[in-house]
Protein chains: 2
Amino acid sequence: MKKLYSKKEKWFYDDIRGFCCGLEIRKVLYSKKSKFQEIQILESESWGRVLTLDKAIQTTERDEFIYHEMISHVPLFLHSKPKKVLVVGGGDGGILKEVLKHGTVKNVILVEIDKYVIEASKKYLQKIHQNSYYNKRAEIIVGDGVAFIKNCKNIFDVIIIDSTDPVGMAEDLFSDNFYKDALAALKTDGILVTQSGAIFAQWEEFSKTVEKMKRFFKYVSPYLTVVPTYPSSFWSFTIASKNFDFKKIPFENVEKKYKEIKAKFKFYNPEVHRASFAIPNFIIKGLNR
Amino acid sequence: MKKLYSKKEKWFYDDIRGFCCGLEIRKVLYSKKSKFQEIQILESESWGRVLTLDKAIQTTERDEFIYHEMISHVPLFLHSKPKKVLVVGGGDGGILKEVLKHGTVKNVILVEIDKYVIEASKKYLQKIHQNSYYNKRAEIIVGDGVAFIKNCKNIFDVIIIDSTDPVGMAEDLFSDNFYKDALAALKTDGILVTQSGAIFAQWEEFSKTVEKMKRFFKYVSPYLTVVPTYPSSFWSFTIASKNFDFKKIPFENVEKKYKEIKAKFKFYNPEVHRASFAIPNFIIKGLNR
């Protein structure tokens, strides 16, 4: 059923396990089969430009802010003073743009495996990256995040894993070895966050990610949002730290930091931050099984 | 593009303004063109049975609990002691089942315009209604909710509007006259709640509903959840009362009432309740325009 948009079809369908999200497409702007994956940038009728990797929707101009703000600002506002940040994946530059809103951040390194994702995004997704690649505080590395992180010890305040689904290429980013290396790469009070899939369509991936992270990190918690263009939309992130209980951070601290920052947020605010940690009963029960 | 499932198609697509939600379908269990609409009950591959009205997904066995719990329990837990409840629409019995979880409720009247929705649901959606139609505290009326409410004065503690989209048949349920009548039908400390559409795919309908309700009710607030099988998933309800500020209810009151109730909730809990009132910046801005 999974179909790649072609001239004969007017809709692009991203389907998973009997559920699909479809977007009406006007034209194909970019199409490339790289060493790693098939990359397309589509012009949709009502959701702006769309980046797809191996036929799965990665981001759209219309709803990108939800995913990018929630994966970035939740850890960045929980950390007392994030200075050095690593983004693994995220070649579209959406997270980079968000991380740079924090004045405390002196340096953010983005490690993207596929140079064509960056190339295509630079050319077609300006609304998403807003030229964050060229910011003096940003460093772009084309390479394997798994290999890169092995050589980092006690360096990062925040690590953000913006991977594709934990199958195929991105599988290593959910492996024991990767979490061990990430743990070593974080400073004592460091925080790691990863996207952890759709609650309904990818329950197994989600629950296994939370479970695995609990084996490596002392403090682990999922948090939730809604990304309309990801199949089944109810989306999870999982945040972890080695010896810093982010659940004990008073809500007022987040509010205070939020008021101090000058940047604008389209989705995120302190109430939304707190709300993302409200976990419905069936998820609590499912994770404790 | 909107397609009704037929034997030639394996998928059912519910599309709106360039976005669609699709479900893989095994077979059609029920199909009927009533005086009001086209009703189908489909057996999906991975989301259980699906009720559609005029080709729009109304509910599925797999995610029904989110919509039904959130539209019911948010007003019911905010009201100090709900005794008499009116449900307009909701022929599938999902809301009825939730309302009856509250022991304080002595009587709940469900007014559904289409007897075939009830007939089909009784036969095929047992998992959703759980025989709530036959509860002694429930009263089922087949009729027009708009006409029914005109004759009710100062009767209900909570009114729940479970309508289809505010176009065509359900338009009257979003009209000035209806809100006036609903206002009169509520007791002094009464609460009204209505589904108010998808934040992305139905922004106009959502914002107009909030705006209109503000003309009739003193206290109005949208609240949010995610319903995977509604197109674009990010879903709104709007709650209103005439002289009772539900925003001032202490969180502890909701927690206390929740602990006292014996029923089980699959989605709802006090944290989820509070989280649903956390409104992202772009929605606040959009509503204040």
# chains A, B, ... in the order shown; residues from 1 in each chain; ligands from 1
$ calpha_fit_and_write --fixed "chain B" --moving "chain A" --output "PDB file with C-alpha atoms, in the first residue's frame"
ATOM      1  CA  MET A   1     -11.234  12.467  -3.549  1.00  0.00           C
ATOM      2  CA  LYS A   2     -13.579  11.519  -0.722  1.00  0.00           C
ATOM      3  CA  LYS A   3     -14.262   7.869  -1.274  1.00  0.00           C
ATOM      4  CA  LEU A   4     -16.723   5.551   0.286  1.00  0.00           C
ATOM      5  CA  TYR A   5     -15.374   2.108   0.939  1.00  0.00           C
ATOM      6  CA  SER A   6     -16.506  -0.336  -1.707  1.00  0.00           C
ATOM      7  CA  LYS A   7     -15.522  -3.895  -2.469  1.00  0.00           C
ATOM      8  CA  LYS A   8     -12.966  -2.653  -4.958  1.00  0.00           C
ATOM      9  CA  GLU A   9     -11.072  -0.580  -2.415  1.00  0.00           C
ATOM     10  CA  LYS A  10      -9.062  -1.843   0.486  1.00  0.00           C
ATOM     11  CA  TRP A  11      -8.808   1.518   2.269  1.00  0.00           C
ATOM     12  CA  PHE A  12     -11.322   4.044   3.531  1.00  0.00           C
ATOM     13  CA  TYR A  13     -10.159   7.656   3.322  1.00  0.00           C
ATOM     14  CA  ASP A  14     -11.638  10.487   5.346  1.00  0.00           C
ATOM     15  CA  ASP A  15     -10.273  13.616   3.760  1.00  0.00           C
ATOM     16  CA  ILE A  16     -10.643  17.303   4.414  1.00  0.00           C
ATOM     17  CA  ARG A  17      -8.875  20.203   2.744  1.00  0.00           C
ATOM     18  CA  GLY A  18      -5.882  18.342   1.369  1.00  0.00           C
ATOM     19  CA  PHE A  19      -5.363  16.104   4.397  1.00  0.00           C
ATOM     20  CA  CYS A  20      -6.667  12.595   4.890  1.00  0.00           C
ATOM     21  CA  CYS A  21      -6.817   9.893   7.471  1.00  0.00           C
ATOM     22  CA  GLY A  22      -7.068   6.407   6.001  1.00  0.00           C
ATOM     23  CA  LEU A  23      -7.892   3.049   7.529  1.00  0.00           C
ATOM     24  CA  GLU A  24      -7.320  -0.352   5.972  1.00  0.00           C
ATOM     25  CA  ILE A  25     -10.666  -2.121   5.797  1.00  0.00           C
ATOM     26  CA  ARG A  26     -11.472  -5.808   5.985  1.00  0.00           C
ATOM     27  CA  LYS A  27     -15.198  -5.656   5.315  1.00  0.00           C
ATOM     28  CA  VAL A  28     -18.383  -3.630   5.443  1.00  0.00           C
ATOM     29  CA  LEU A  29     -20.609  -4.765   8.295  1.00  0.00           C
ATOM     30  CA  TYR A  30     -23.490  -2.323   7.847  1.00  0.00           C
ATOM     31  CA  SER A  31     -24.516   0.154   5.212  1.00  0.00           C
ATOM     32  CA  LYS A  32     -27.651   2.274   5.169  1.00  0.00           C
ATOM     33  CA  LYS A  33     -28.838   5.485   3.609  1.00  0.00           C
ATOM     34  CA  SER A  34     -31.188   6.981   6.189  1.00  0.00           C
ATOM     35  CA  LYS A  35     -33.358  10.097   5.826  1.00  0.00           C
ATOM     36  CA  PHE A  36     -30.473  12.100   7.279  1.00  0.00           C
ATOM     37  CA  GLN A  37     -27.212  10.554   6.159  1.00  0.00           C
ATOM     38  CA  GLU A  38     -25.251   7.603   4.890  1.00  0.00           C
ATOM     39  CA  ILE A  39     -24.276   5.285   7.736  1.00  0.00           C
ATOM     40  CA  GLN A  40     -21.591   2.622   7.517  1.00  0.00           C
ATOM     41  CA  ILE A  41     -19.970   0.321   9.993  1.00  0.00           C
ATOM     42  CA  LEU A  42     -16.668  -1.047   8.742  1.00  0.00           C
ATOM     43  CA  GLU A  43     -14.371  -3.699  10.118  1.00  0.00           C
ATOM     44  CA  SER A  44     -10.855  -2.277   9.902  1.00  0.00           C
ATOM     45  CA  GLU A  45      -7.620  -4.240   9.915  1.00  0.00           C
ATOM     46  CA  SER A  46      -6.103  -2.669  13.018  1.00  0.00           C
ATOM     47  CA  TRP A  47      -8.477  -0.069  14.519  1.00  0.00           C
ATOM     48  CA  GLY A  48     -11.447  -2.335  15.232  1.00  0.00           C
ATOM     49  CA  ARG A  49     -14.909  -1.430  14.012  1.00  0.00           C
ATOM     50  CA  VAL A  50     -15.451   2.024  12.552  1.00  0.00           C
ATOM     51  CA  LEU A  51     -18.634   4.118  12.406  1.00  0.00           C
ATOM     52  CA  THR A  52     -18.840   6.549   9.495  1.00  0.00           C
ATOM     53  CA  LEU A  53     -21.545   9.125   8.736  1.00  0.00           C
ATOM     54  CA  ASP A  54     -21.591  10.656   5.272  1.00  0.00           C
ATOM     55  CA  LYS A  55     -18.100   9.243   4.691  1.00  0.00           C
ATOM     56  CA  ALA A  56     -16.577  10.901   7.769  1.00  0.00           C
ATOM     57  CA  ILE A  57     -15.123   8.735  10.533  1.00  0.00           C
ATOM     58  CA  GLN A  58     -17.139   9.199  13.744  1.00  0.00           C
ATOM     59  CA  THR A  59     -15.463   6.712  16.021  1.00  0.00           C
ATOM     60  CA  THR A  60     -13.386   3.541  16.043  1.00  0.00           C
ATOM     61  CA  GLU A  61     -13.251   0.834  18.677  1.00  0.00           C
ATOM     62  CA  ARG A  62      -9.536   1.431  19.181  1.00  0.00           C
ATOM     63  CA  ASP A  63      -9.470   5.152  19.948  1.00  0.00           C
ATOM     64  CA  GLU A  64     -13.086   5.951  20.920  1.00  0.00           C
ATOM     65  CA  PHE A  65     -12.177   6.235  24.593  1.00  0.00           C
ATOM     66  CA  ILE A  66     -10.164   9.419  24.046  1.00  0.00           C
ATOM     67  CA  TYR A  67     -12.978  11.454  22.516  1.00  0.00           C
ATOM     68  CA  HIS A  68     -15.724   9.999  24.698  1.00  0.00           C
ATOM     69  CA  GLU A  69     -13.848  10.369  27.984  1.00  0.00           C
ATOM     70  CA  MET A  70     -12.588  13.872  27.249  1.00  0.00           C
ATOM     71  CA  ILE A  71     -15.938  15.306  26.124  1.00  0.00           C
ATOM     72  CA  SER A  72     -17.692  13.763  29.163  1.00  0.00           C
ATOM     73  CA  HIS A  73     -15.391  13.846  32.163  1.00  0.00           C
ATOM     74  CA  VAL A  74     -13.942  17.322  31.809  1.00  0.00           C
ATOM     75  CA  PRO A  75     -17.360  18.997  32.361  1.00  0.00           C
ATOM     76  CA  LEU A  76     -18.595  16.308  34.763  1.00  0.00           C
ATOM     77  CA  PHE A  77     -15.572  16.641  37.061  1.00  0.00           C
ATOM     78  CA  LEU A  78     -15.723  20.449  36.922  1.00  0.00           C
ATOM     79  CA  HIS A  79     -19.365  20.515  37.993  1.00  0.00           C
ATOM     80  CA  SER A  80     -19.754  20.226  41.756  1.00  0.00           C
ATOM     81  CA  LYS A  81     -22.519  17.618  41.592  1.00  0.00           C
ATOM     82  CA  PRO A  82     -23.951  16.780  38.159  1.00  0.00           C
ATOM     83  CA  LYS A  83     -27.336  15.122  38.499  1.00  0.00           C
ATOM     84  CA  LYS A  84     -29.110  15.702  35.211  1.00  0.00           C
ATOM     85  CA  VAL A  85     -27.249  15.487  31.918  1.00  0.00           C
ATOM     86  CA  LEU A  86     -28.306  15.984  28.299  1.00  0.00           C
ATOM     87  CA  VAL A  87     -26.393  14.468  25.398  1.00  0.00           C
ATOM     88  CA  VAL A  88     -27.288  15.824  21.954  1.00  0.00           C
ATOM     89  CA  GLY A  89     -26.224  13.413  19.235  1.00  0.00           C
ATOM     90  CA  GLY A  90     -23.969  10.617  20.423  1.00  0.00           C
ATOM     91  CA  GLY A  91     -26.173   7.814  19.109  1.00  0.00           C
ATOM     92  CA  ASP A  92     -23.257   5.372  19.300  1.00  0.00           C
ATOM     93  CA  GLY A  93     -23.648   5.341  23.094  1.00  0.00           C
ATOM     94  CA  GLY A  94     -19.970   6.097  23.835  1.00  0.00           C
ATOM     95  CA  ILE A  95     -20.689   9.263  25.802  1.00  0.00           C
ATOM     96  CA  LEU A  96     -23.661   7.662  27.535  1.00  0.00           C
ATOM     97  CA  LYS A  97     -21.340   4.966  28.887  1.00  0.00           C
ATOM     98  CA  GLU A  98     -18.941   7.601  30.237  1.00  0.00           C
ATOM     99  CA  VAL A  99     -21.609   9.831  31.816  1.00  0.00           C
ATOM    100  CA  LEU A 100     -23.055   6.847  33.669  1.00  0.00           C
ATOM    101  CA  LYS A 101     -19.718   6.322  35.438  1.00  0.00           C
ATOM    102  CA  HIS A 102     -20.644   9.291  37.626  1.00  0.00           C
ATOM    103  CA  GLY A 103     -22.771   8.070  40.527  1.00  0.00           C
ATOM    104  CA  THR A 104     -24.137  11.561  41.121  1.00  0.00           C
ATOM    105  CA  VAL A 105     -25.929  11.437  37.749  1.00  0.00           C
ATOM    106  CA  LYS A 106     -29.526  10.422  38.359  1.00  0.00           C
ATOM    107  CA  ASN A 107     -30.699  10.855  34.794  1.00  0.00           C
ATOM    108  CA  VAL A 108     -29.051  11.247  31.405  1.00  0.00           C
ATOM    109  CA  ILE A 109     -31.134  11.999  28.337  1.00  0.00           C
ATOM    110  CA  LEU A 110     -29.689  11.222  24.923  1.00  0.00           C
ATOM    111  CA  VAL A 111     -31.377  12.888  21.953  1.00  0.00           C
ATOM    112  CA  GLU A 112     -30.224  11.374  18.662  1.00  0.00           C
ATOM    113  CA  ILE A 113     -31.875  12.427  15.419  1.00  0.00           C
ATOM    114  CA  ASP A 114     -31.199   9.263  13.446  1.00  0.00           C
ATOM    115  CA  LYS A 115     -32.677   6.024  14.754  1.00  0.00           C
ATOM    116  CA  TYR A 116     -30.493   4.034  12.386  1.00  0.00           C
ATOM    117  CA  VAL A 117     -27.331   5.275  14.099  1.00  0.00           C
ATOM    118  CA  ILE A 118     -28.657   3.807  17.332  1.00  0.00           C
ATOM    119  CA  GLU A 119     -29.847   0.640  15.614  1.00  0.00           C
ATOM    120  CA  ALA A 120     -26.494   0.038  13.913  1.00  0.00           C
ATOM    121  CA  SER A 121     -24.499   0.898  17.049  1.00  0.00           C
ATOM    122  CA  LYS A 122     -26.613  -1.375  19.252  1.00  0.00           C
ATOM    123  CA  LYS A 123     -25.908  -4.236  16.887  1.00  0.00           C
ATOM    124  CA  TYR A 124     -22.267  -3.642  15.960  1.00  0.00           C
ATOM    125  CA  LEU A 125     -20.621  -1.304  18.477  1.00  0.00           C
ATOM    126  CA  GLN A 126     -21.178  -3.162  21.729  1.00  0.00           C
ATOM    127  CA  LYS A 127     -17.571  -2.463  22.768  1.00  0.00           C
ATOM    128  CA  ILE A 128     -18.291   1.238  22.552  1.00  0.00           C
ATOM    129  CA  HIS A 129     -21.729   1.569  24.180  1.00  0.00           C
ATOM    130  CA  GLN A 130     -21.384  -1.386  26.559  1.00  0.00           C
ATOM    131  CA  ASN A 131     -25.186  -1.578  26.751  1.00  0.00           C
ATOM    132  CA  SER A 132     -25.432   1.860  28.323  1.00  0.00           C
ATOM    133  CA  TYR A 133     -28.699   2.380  26.380  1.00  0.00           C
ATOM    134  CA  TYR A 134     -30.371  -0.068  28.745  1.00  0.00           C
ATOM    135  CA  ASN A 135     -29.184   1.525  31.991  1.00  0.00           C
ATOM    136  CA  LYS A 136     -32.093   2.594  34.215  1.00  0.00           C
ATOM    137  CA  ARG A 137     -30.658   6.106  34.534  1.00  0.00           C
ATOM    138  CA  ALA A 138     -30.507   6.539  30.751  1.00  0.00           C
ATOM    139  CA  GLU A 139     -33.338   7.822  28.582  1.00  0.00           C
ATOM    140  CA  ILE A 140     -33.052   7.561  24.801  1.00  0.00           C
ATOM    141  CA  ILE A 141     -35.046   9.937  22.618  1.00  0.00           C
ATOM    142  CA  VAL A 142     -35.034   9.695  18.834  1.00  0.00           C
ATOM    143  CA  GLY A 143     -35.585  13.255  17.736  1.00  0.00           C
ATOM    144  CA  ASP A 144     -34.168  16.633  16.851  1.00  0.00           C
ATOM    145  CA  GLY A 145     -31.955  18.002  19.641  1.00  0.00           C
ATOM    146  CA  VAL A 146     -32.554  21.572  18.464  1.00  0.00           C
ATOM    147  CA  ALA A 147     -36.318  21.197  18.851  1.00  0.00           C
ATOM    148  CA  PHE A 148     -35.998  19.217  22.092  1.00  0.00           C
ATOM    149  CA  ILE A 149     -33.879  21.775  23.894  1.00  0.00           C
ATOM    150  CA  LYS A 150     -36.362  24.589  23.140  1.00  0.00           C
ATOM    151  CA  ASN A 151     -38.746  23.054  25.648  1.00  0.00           C
ATOM    152  CA  CYS A 152     -36.208  22.645  28.441  1.00  0.00           C
ATOM    153  CA  LYS A 153     -35.860  25.434  30.974  1.00  0.00           C
ATOM    154  CA  ASN A 154     -33.437  25.396  33.887  1.00  0.00           C
ATOM    155  CA  ILE A 155     -33.151  21.614  33.871  1.00  0.00           C
ATOM    156  CA  PHE A 156     -29.633  20.387  33.113  1.00  0.00           C
ATOM    157  CA  ASP A 157     -26.384  20.464  35.051  1.00  0.00           C
ATOM    158  CA  VAL A 158     -24.339  19.447  32.032  1.00  0.00           C
ATOM    159  CA  ILE A 159     -25.169  19.521  28.310  1.00  0.00           C
ATOM    160  CA  ILE A 160     -22.858  17.633  25.932  1.00  0.00           C
ATOM    161  CA  ILE A 161     -23.079  18.319  22.194  1.00  0.00           C
ATOM    162  CA  ASP A 162     -21.685  15.381  20.247  1.00  0.00           C
ATOM    163  CA  SER A 163     -22.397  16.606  16.758  1.00  0.00           C
ATOM    164  CA  THR A 164     -21.019  15.918  13.318  1.00  0.00           C
ATOM    165  CA  ASP A 165     -19.141  18.807  11.673  1.00  0.00           C
ATOM    166  CA  PRO A 166     -20.882  22.213  11.615  1.00  0.00           C
ATOM    167  CA  VAL A 167     -21.921  21.899   7.996  1.00  0.00           C
ATOM    168  CA  GLY A 168     -25.199  20.551   6.636  1.00  0.00           C
ATOM    169  CA  MET A 169     -27.350  18.742   9.137  1.00  0.00           C
ATOM    170  CA  ALA A 170     -25.423  19.687  12.283  1.00  0.00           C
ATOM    171  CA  GLU A 171     -25.249  23.395  11.395  1.00  0.00           C
ATOM    172  CA  ASP A 172     -28.188  24.219  13.653  1.00  0.00           C
ATOM    173  CA  LEU A 173     -26.264  22.863  16.641  1.00  0.00           C
ATOM    174  CA  PHE A 174     -23.790  25.731  16.201  1.00  0.00           C
ATOM    175  CA  SER A 175     -26.420  28.449  15.645  1.00  0.00           C
ATOM    176  CA  ASP A 176     -27.267  31.500  17.749  1.00  0.00           C
ATOM    177  CA  ASN A 177     -30.732  30.180  18.490  1.00  0.00           C
ATOM    178  CA  PHE A 178     -29.420  26.859  19.686  1.00  0.00           C
ATOM    179  CA  TYR A 179     -26.947  28.477  22.087  1.00  0.00           C
ATOM    180  CA  LYS A 180     -29.727  30.725  23.424  1.00  0.00           C
ATOM    181  CA  ASP A 181     -31.931  27.708  24.030  1.00  0.00           C
ATOM    182  CA  ALA A 182     -29.081  25.729  25.574  1.00  0.00           C
ATOM    183  CA  LEU A 183     -28.348  28.605  27.914  1.00  0.00           C
ATOM    184  CA  ALA A 184     -31.970  28.575  29.060  1.00  0.00           C
ATOM    185  CA  ALA A 185     -31.950  24.802  29.446  1.00  0.00           C
ATOM    186  CA  LEU A 186     -28.975  24.888  31.815  1.00  0.00           C
ATOM    187  CA  LYS A 187     -29.297  25.382  35.538  1.00  0.00           C
ATOM    188  CA  THR A 188     -27.579  28.413  37.063  1.00  0.00           C
ATOM    189  CA  ASP A 189     -24.343  26.526  37.633  1.00  0.00           C
ATOM    190  CA  GLY A 190     -24.694  24.463  34.475  1.00  0.00           C
ATOM    191  CA  ILE A 191     -21.927  23.664  32.000  1.00  0.00           C
ATOM    192  CA  LEU A 192     -22.161  23.131  28.255  1.00  0.00           C
ATOM    193  CA  VAL A 193     -19.528  21.398  26.178  1.00  0.00           C
ATOM    194  CA  THR A 194     -19.359  20.888  22.446  1.00  0.00           C
ATOM    195  CA  GLN A 195     -16.896  19.252  20.101  1.00  0.00           C
ATOM    196  CA  SER A 196     -15.446  22.131  18.084  1.00  0.00           C
ATOM    197  CA  GLY A 197     -13.399  20.521  15.340  1.00  0.00           C
ATOM    198  CA  ALA A 198      -9.820  19.931  14.275  1.00  0.00           C
ATOM    199  CA  ILE A 199      -7.314  22.682  15.066  1.00  0.00           C
ATOM    200  CA  PHE A 200      -5.530  22.392  11.724  1.00  0.00           C
ATOM    201  CA  ALA A 201      -8.043  21.073   9.216  1.00  0.00           C
ATOM    202  CA  GLN A 202     -11.030  23.015  10.618  1.00  0.00           C
ATOM    203  CA  TRP A 203      -9.552  26.178  12.088  1.00  0.00           C
ATOM    204  CA  GLU A 204     -12.405  28.353  10.821  1.00  0.00           C
ATOM    205  CA  GLU A 205     -15.070  26.141  12.377  1.00  0.00           C
ATOM    206  CA  PHE A 206     -13.128  25.952  15.633  1.00  0.00           C
ATOM    207  CA  SER A 207     -12.448  29.659  16.006  1.00  0.00           C
ATOM    208  CA  LYS A 208     -15.988  30.641  14.992  1.00  0.00           C
ATOM    209  CA  THR A 209     -17.457  28.251  17.546  1.00  0.00           C
ATOM    210  CA  VAL A 210     -15.346  29.720  20.355  1.00  0.00           C
ATOM    211  CA  GLU A 211     -16.168  33.265  19.244  1.00  0.00           C
ATOM    212  CA  LYS A 212     -19.893  32.589  18.998  1.00  0.00           C
ATOM    213  CA  MET A 213     -20.052  30.866  22.375  1.00  0.00           C
ATOM    214  CA  LYS A 214     -18.354  33.873  23.935  1.00  0.00           C
ATOM    215  CA  ARG A 215     -21.312  35.974  22.827  1.00  0.00           C
ATOM    216  CA  PHE A 216     -23.717  33.824  24.844  1.00  0.00           C
ATOM    217  CA  PHE A 217     -21.738  32.529  27.815  1.00  0.00           C
ATOM    218  CA  LYS A 218     -19.734  34.458  30.372  1.00  0.00           C
ATOM    219  CA  TYR A 219     -17.029  31.809  30.744  1.00  0.00           C
ATOM    220  CA  VAL A 220     -15.759  30.013  27.656  1.00  0.00           C
ATOM    221  CA  SER A 221     -12.611  28.006  27.062  1.00  0.00           C
ATOM    222  CA  PRO A 222     -11.381  25.600  24.437  1.00  0.00           C
ATOM    223  CA  TYR A 223      -9.625  22.457  25.581  1.00  0.00           C
ATOM    224  CA  LEU A 224      -7.628  20.032  23.512  1.00  0.00           C
ATOM    225  CA  THR A 225      -6.874  16.404  22.925  1.00  0.00           C
ATOM    226  CA  VAL A 226      -5.727  14.096  20.149  1.00  0.00           C
ATOM    227  CA  VAL A 227      -8.053  11.744  18.291  1.00  0.00           C
ATOM    228  CA  PRO A 228      -5.888   9.760  15.839  1.00  0.00           C
ATOM    229  CA  THR A 229      -8.720   8.816  13.472  1.00  0.00           C
ATOM    230  CA  TYR A 230     -10.152  12.318  13.001  1.00  0.00           C
ATOM    231  CA  PRO A 231      -8.440  14.124  10.115  1.00  0.00           C
ATOM    232  CA  SER A 232      -5.413  16.048  11.410  1.00  0.00           C
ATOM    233  CA  SER A 233      -6.062  14.554  14.896  1.00  0.00           C
ATOM    234  CA  PHE A 234      -5.401  17.646  17.023  1.00  0.00           C
ATOM    235  CA  TRP A 235      -8.910  17.962  18.417  1.00  0.00           C
ATOM    236  CA  SER A 236     -10.806  20.704  20.226  1.00  0.00           C
ATOM    237  CA  PHE A 237     -13.743  20.889  22.568  1.00  0.00           C
ATOM    238  CA  THR A 238     -15.216  24.128  23.846  1.00  0.00           C
ATOM    239  CA  ILE A 239     -16.651  24.364  27.334  1.00  0.00           C
ATOM    240  CA  ALA A 240     -18.892  27.163  28.585  1.00  0.00           C
ATOM    241  CA  SER A 241     -20.888  28.222  31.609  1.00  0.00           C
ATOM    242  CA  LYS A 242     -23.101  31.169  32.381  1.00  0.00           C
ATOM    243  CA  ASN A 243     -21.980  32.188  35.813  1.00  0.00           C
ATOM    244  CA  PHE A 244     -19.448  29.783  37.136  1.00  0.00           C
ATOM    245  CA  ASP A 245     -15.772  30.184  36.361  1.00  0.00           C
ATOM    246  CA  PHE A 246     -14.479  26.656  35.803  1.00  0.00           C
ATOM    247  CA  LYS A 247     -10.956  28.038  35.432  1.00  0.00           C
ATOM    248  CA  LYS A 248     -11.030  28.930  39.121  1.00  0.00           C
ATOM    249  CA  ILE A 249     -11.849  25.412  40.266  1.00  0.00           C
ATOM    250  CA  PRO A 250      -8.758  24.287  42.206  1.00  0.00           C
ATOM    251  CA  PHE A 251      -6.930  21.360  40.654  1.00  0.00           C
ATOM    252  CA  GLU A 252      -7.222  19.596  44.021  1.00  0.00           C
ATOM    253  CA  ASN A 253     -11.021  19.492  43.704  1.00  0.00           C
ATOM    254  CA  VAL A 254     -10.776  17.539  40.470  1.00  0.00           C
ATOM    255  CA  GLU A 255      -8.193  15.220  42.046  1.00  0.00           C
ATOM    256  CA  LYS A 256     -10.420  14.627  45.066  1.00  0.00           C
ATOM    257  CA  LYS A 257     -13.499  13.834  42.978  1.00  0.00           C
ATOM    258  CA  TYR A 258     -11.438  11.549  40.738  1.00  0.00           C
ATOM    259  CA  LYS A 259     -10.224   9.532  43.723  1.00  0.00           C
ATOM    260  CA  GLU A 260     -13.763   9.150  45.042  1.00  0.00           C
ATOM    261  CA  ILE A 261     -15.192   7.661  41.865  1.00  0.00           C
ATOM    262  CA  LYS A 262     -15.064   3.900  41.458  1.00  0.00           C
ATOM    263  CA  ALA A 263     -15.157   3.655  37.671  1.00  0.00           C
ATOM    264  CA  LYS A 264     -12.089   3.119  35.512  1.00  0.00           C
ATOM    265  CA  PHE A 265     -10.774   5.593  33.006  1.00  0.00           C
ATOM    266  CA  LYS A 266      -8.596   4.562  30.115  1.00  0.00           C
ATOM    267  CA  PHE A 267      -7.497   8.063  29.094  1.00  0.00           C
ATOM    268  CA  TYR A 268      -8.728  10.603  31.639  1.00  0.00           C
ATOM    269  CA  ASN A 269      -6.995  11.465  34.893  1.00  0.00           C
ATOM    270  CA  PRO A 270      -6.655  14.812  36.695  1.00  0.00           C
ATOM    271  CA  GLU A 271      -3.274  15.597  35.080  1.00  0.00           C
ATOM    272  CA  VAL A 272      -4.714  14.901  31.640  1.00  0.00           C
ATOM    273  CA  HIS A 273      -7.693  17.103  32.559  1.00  0.00           C
ATOM    274  CA  ARG A 274      -5.432  20.013  33.464  1.00  0.00           C
ATOM    275  CA  ALA A 275      -3.181  19.399  30.458  1.00  0.00           C
ATOM    276  CA  SER A 276      -6.122  19.693  28.059  1.00  0.00           C
ATOM    277  CA  PHE A 277      -6.454  23.381  29.018  1.00  0.00           C
ATOM    278  CA  ALA A 278      -2.823  24.157  28.107  1.00  0.00           C
ATOM    279  CA  ILE A 279      -3.231  26.068  24.866  1.00  0.00           C
ATOM    280  CA  PRO A 280      -0.252  26.418  22.469  1.00  0.00           C
ATOM    281  CA  ASN A 281       0.758  29.947  21.519  1.00  0.00           C
ATOM    282  CA  PHE A 282      -0.451  29.835  17.900  1.00  0.00           C
ATOM    283  CA  ILE A 283      -3.968  28.951  19.061  1.00  0.00           C
ATOM    284  CA  ILE A 284      -4.059  31.718  21.681  1.00  0.00           C
ATOM    285  CA  LYS A 285      -2.837  34.177  19.051  1.00  0.00           C
ATOM    286  CA  GLY A 286      -5.250  32.889  16.396  1.00  0.00           C
ATOM    287  CA  LEU A 287      -8.240  33.233  18.725  1.00  0.00           C
ATOM    288  CA  ASN A 288      -7.295  36.765  19.799  1.00  0.00           C
ATOM    289  CA  ARG A 289      -6.936  38.043  16.253  1.00  0.00           C
TER     290      ARG A 289
END
$ select_by_dssp --residues "range 4-242 of chain B" --states "strand (DSSP E)" --output "ChimeraX atom specification"
/B:11-16,19-33,38-44,49-53,56-60,84-89,107-112,138-142,156-162,186-198,219-226,234-241
$ decode --residues "range 153-157 of chain B" --atoms "N, CA and C atoms" --output "PDB file, in the first residue's frame"
ATOM      1  N   LYS B 153     -36.264  24.204  30.294  1.00  0.00           N
ATOM      2  CA  LYS B 153     -35.864  25.441  30.979  1.00  0.00           C
ATOM      3  C   LYS B 153     -35.292  25.100  32.349  1.00  0.00           C
ATOM      4  N   ASN B 154     -34.052  25.532  32.563  1.00  0.00           N
ATOM      5  CA  ASN B 154     -33.436  25.403  33.885  1.00  0.00           C
ATOM      6  C   ASN B 154     -33.433  23.956  34.403  1.00  0.00           C
ATOM      7  N   ILE B 155     -33.051  23.045  33.550  1.00  0.00           N
ATOM      8  CA  ILE B 155     -33.149  21.619  33.874  1.00  0.00           C
ATOM      9  C   ILE B 155     -31.796  20.922  34.050  1.00  0.00           C
ATOM     10  N   PHE B 156     -30.847  21.224  33.164  1.00  0.00           N
ATOM     11  CA  PHE B 156     -29.635  20.385  33.103  1.00  0.00           C
ATOM     12  C   PHE B 156     -28.421  20.971  33.821  1.00  0.00           C
ATOM     13  N   ASP B 157     -27.672  20.070  34.445  1.00  0.00           N
ATOM     14  CA  ASP B 157     -26.395  20.457  35.043  1.00  0.00           C
ATOM     15  C   ASP B 157     -25.292  20.496  33.989  1.00  0.00           C
TER      16      ASP B 157
END
